[in-house]
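**Q** Questions regarding the structure given below will be posed in turn.
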Amino acid sequence: MTVLLKAPERIAAVCQNIAQHFQEKVQPQGFGAQVVTIDRESCVLYKQELDKHLPPEASDIVMLINSGETEYADYRRDRDAEEKLLDRFRFPDDPLKDHYRHCEASHRL
């Protein structure tokens, strides 16, 4: 199942659909959005693909990083930094209000 869910062609099609739906239906209403993926690897894959359809600064990743998971070190945040990022999602006056304000949450245990 995960092989299918992580297939590059599928991720590309899903992300194109997400971006189009967001720009046409969600963003005009002033709302943000969140994508939840099956695991950390797919979270990163979705972010990389979404960055092809929306400005990279329009989305971010929120996920729990365990010690020793160096492949996800770029997404490690302390609690304060994570809370600041989540605040950006909560407040409509944030500069990201015209974008996909909050993107991917993955594997919050």
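Quick note on naming: the chains in the structure tokens go A, B, ... in the order shown, residues restart at 1 in each chain, and ligands are numbered from 1 in order of appearance.
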Can you list, as number ranges by chain, every residue of chain A that DSSP puts in strand (DSSP E)?
**A** A: 35-37, 61-63, 104-106
**Q** Please save all heavy atoms of the selected residues as a compact mmCIF listing (two decimals), in the first residue's frame.
**A**
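Here's the written file selection-v4.txt:
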```
# COMPACT_ATOMS: atom_id res chain seq x y z
N VAL A 35 -2.45 19.24 5.03
CA VAL A 35 -2.38 17.93 4.39
C VAL A 35 -1.73 16.99 5.39
O VAL A 35 -0.69 17.28 5.95
CB VAL A 35 -1.54 17.98 3.10
CG1 VAL A 35 -1.38 16.59 2.51
CG2 VAL A 35 -2.15 18.95 2.10
N VAL A 36 -2.34 15.86 5.62
CA VAL A 36 -1.78 14.84 6.51
C VAL A 36 -1.37 13.66 5.64
O VAL A 36 -2.14 13.19 4.82
CB VAL A 36 -2.81 14.40 7.58
CG1 VAL A 36 -2.22 13.32 8.46
CG2 VAL A 36 -3.27 15.60 8.40
N THR A 37 -0.14 13.20 5.84
CA THR A 37 0.39 12.11 5.02
C THR A 37 0.57 10.86 5.86
O THR A 37 0.45 10.89 7.08
CB THR A 37 1.72 12.51 4.37
OG1 THR A 37 2.68 12.75 5.40
CG2 THR A 37 1.56 13.75 3.51
N ILE A 61 6.40 22.13 6.92
CA ILE A 61 6.19 20.81 7.49
C ILE A 61 6.21 20.89 9.00
O ILE A 61 7.08 21.55 9.58
CB ILE A 61 7.28 19.83 7.00
CG1 ILE A 61 7.11 19.54 5.52
CG2 ILE A 61 7.27 18.54 7.82
CD1 ILE A 61 8.18 18.64 4.93
N VAL A 62 5.25 20.23 9.62
CA VAL A 62 5.23 20.07 11.07
C VAL A 62 5.20 18.58 11.33
O VAL A 62 4.27 17.90 10.93
CB VAL A 62 3.99 20.75 11.70
CG1 VAL A 62 3.95 20.49 13.19
CG2 VAL A 62 3.97 22.24 11.39
N MET A 63 6.25 18.08 11.96
CA MET A 63 6.29 16.67 12.30
C MET A 63 7.22 16.45 13.48
O MET A 63 8.11 17.25 13.73
CB MET A 63 6.72 15.81 11.11
CG MET A 63 8.17 15.92 10.71
SD MET A 63 8.62 14.63 9.54
CE MET A 63 9.00 15.58 8.10
N GLU A 104 1.88 20.63 5.79
CA GLU A 104 1.88 19.22 6.05
C GLU A 104 2.15 18.87 7.49
O GLU A 104 3.12 19.30 8.06
CB GLU A 104 2.92 18.56 5.16
CG GLU A 104 2.52 18.75 3.72
CD GLU A 104 3.67 18.78 2.80
OE1 GLU A 104 4.23 17.72 2.56
OE2 GLU A 104 3.98 19.85 2.32
N ALA A 105 1.30 18.09 8.02
CA ALA A 105 1.51 17.54 9.36
C ALA A 105 1.63 16.05 9.16
O ALA A 105 0.85 15.46 8.44
CB ALA A 105 0.35 17.86 10.28
N SER A 106 2.59 15.47 9.78
CA SER A 106 2.78 14.06 9.56
C SER A 106 3.18 13.36 10.84
O SER A 106 4.04 13.83 11.56
CB SER A 106 3.89 13.86 8.52
OG SER A 106 4.18 12.50 8.37
```
**Q** Just list as an NGL selection string whatever in chain A DSSP marks as helix (DSSP H, G or I).
**A** :A and (2-5 or 8-29 or 40-50 or 56-58 or 70-75 or 79-90 or 95-98)
**Q** Determine the nearest neighbour of A:Phe22 from the options A:Glu41, A:Gly68, A:Leu50, A:Ala73, counting only C-alpha atoms.
**A**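 That would be A:Leu50, the residue with the smallest distance to A:Phe22.
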**Q** So the first atom is atom CA of A:Tyr46 and the second is atom CA of A:Gln20; what is the distance between them in Å, to one decimal place?
**A**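 Atom CA of A:Gln20 lies 14.6 Å from atom CA of A:Tyr46.
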**Q** Would you mind telling me which residue in A:Gln29, A:Gln16, A:Thr2, A:Ser67 lies nearest to A:Lys47 when using only C-alpha atoms?
**A**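 Closest to A:Lys47 of all the choices is A:Gln16.
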**Q** Just the residues within 12 Å of A:Arg79, please, counting only C-alpha atoms, with nothing from its chain fewer than 4 positions along; format it as a list in words.
**A**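 Once the adjacent positions are removed, what remains is Val62, Met63, Leu64, Ile65, Glu83, Lys84, Leu85 and Leu86 of chain A.
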**Q** Using N, CA and C atoms, can you write the selected residues to a file as a PDB file, in the first residue's frame?
**A**
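Done, and the output landed in part.pdb:
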```pdb
ATOM      1  N   VAL A  62       5.250  20.233   9.616  1.00  0.00           N
ATOM      2  CA  VAL A  62       5.228  20.074  11.067  1.00  0.00           C
ATOM      3  C   VAL A  62       5.198  18.583  11.332  1.00  0.00           C
ATOM      4  N   MET A  63       6.250  18.082  11.958  1.00  0.00           N
ATOM      5  CA  MET A  63       6.289  16.668  12.299  1.00  0.00           C
ATOM      6  C   MET A  63       7.222  16.453  13.483  1.00  0.00           C
ATOM      7  N   LEU A  64       6.963  15.401  14.195  1.00  0.00           N
ATOM      8  CA  LEU A  64       7.797  15.021  15.317  1.00  0.00           C
ATOM      9  C   LEU A  64       9.046  14.339  14.773  1.00  0.00           C
ATOM     10  N   ILE A  65      10.213  14.831  15.190  1.00  0.00           N
ATOM     11  CA  ILE A  65      11.482  14.265  14.753  1.00  0.00           C
ATOM     12  C   ILE A  65      12.130  13.573  15.945  1.00  0.00           C
ATOM     13  N   GLU A  83       5.358  26.402  17.766  1.00  0.00           N
ATOM     14  CA  GLU A  83       4.183  27.187  18.156  1.00  0.00           C
ATOM     15  C   GLU A  83       4.073  28.461  17.319  1.00  0.00           C
ATOM     16  N   LYS A  84       5.201  29.098  17.031  1.00  0.00           N
ATOM     17  CA  LYS A  84       5.187  30.300  16.180  1.00  0.00           C
ATOM     18  C   LYS A  84       4.698  29.955  14.774  1.00  0.00           C
ATOM     19  N   LEU A  85       5.144  28.825  14.253  1.00  0.00           N
ATOM     20  CA  LEU A  85       4.679  28.399  12.942  1.00  0.00           C
ATOM     21  C   LEU A  85       3.177  28.122  12.969  1.00  0.00           C
ATOM     22  N   LEU A  86       2.709  27.432  13.991  1.00  0.00           N
ATOM     23  CA  LEU A  86       1.276  27.139  14.093  1.00  0.00           C
ATOM     24  C   LEU A  86       0.458  28.410  14.275  1.00  0.00           C
TER      25      LEU A  86
END
```
**Q** When distances are computed from only C-alpha atoms, which of A:Leu54, A:Asp60, A:Leu4, A:Cys43 shows the smallest separation from A:Glu82?
**A**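 Selected residue with least distance to A:Glu82: A:Asp60.
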**Q** Taking only C-alpha atoms into account, name the residue in A:Asp39, A:Glu69, A:Glu24, A:Glu49 that is nearest to A:Val3.
**A**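 Closest to A:Val3, using only C-alpha atoms: A:Asp39.
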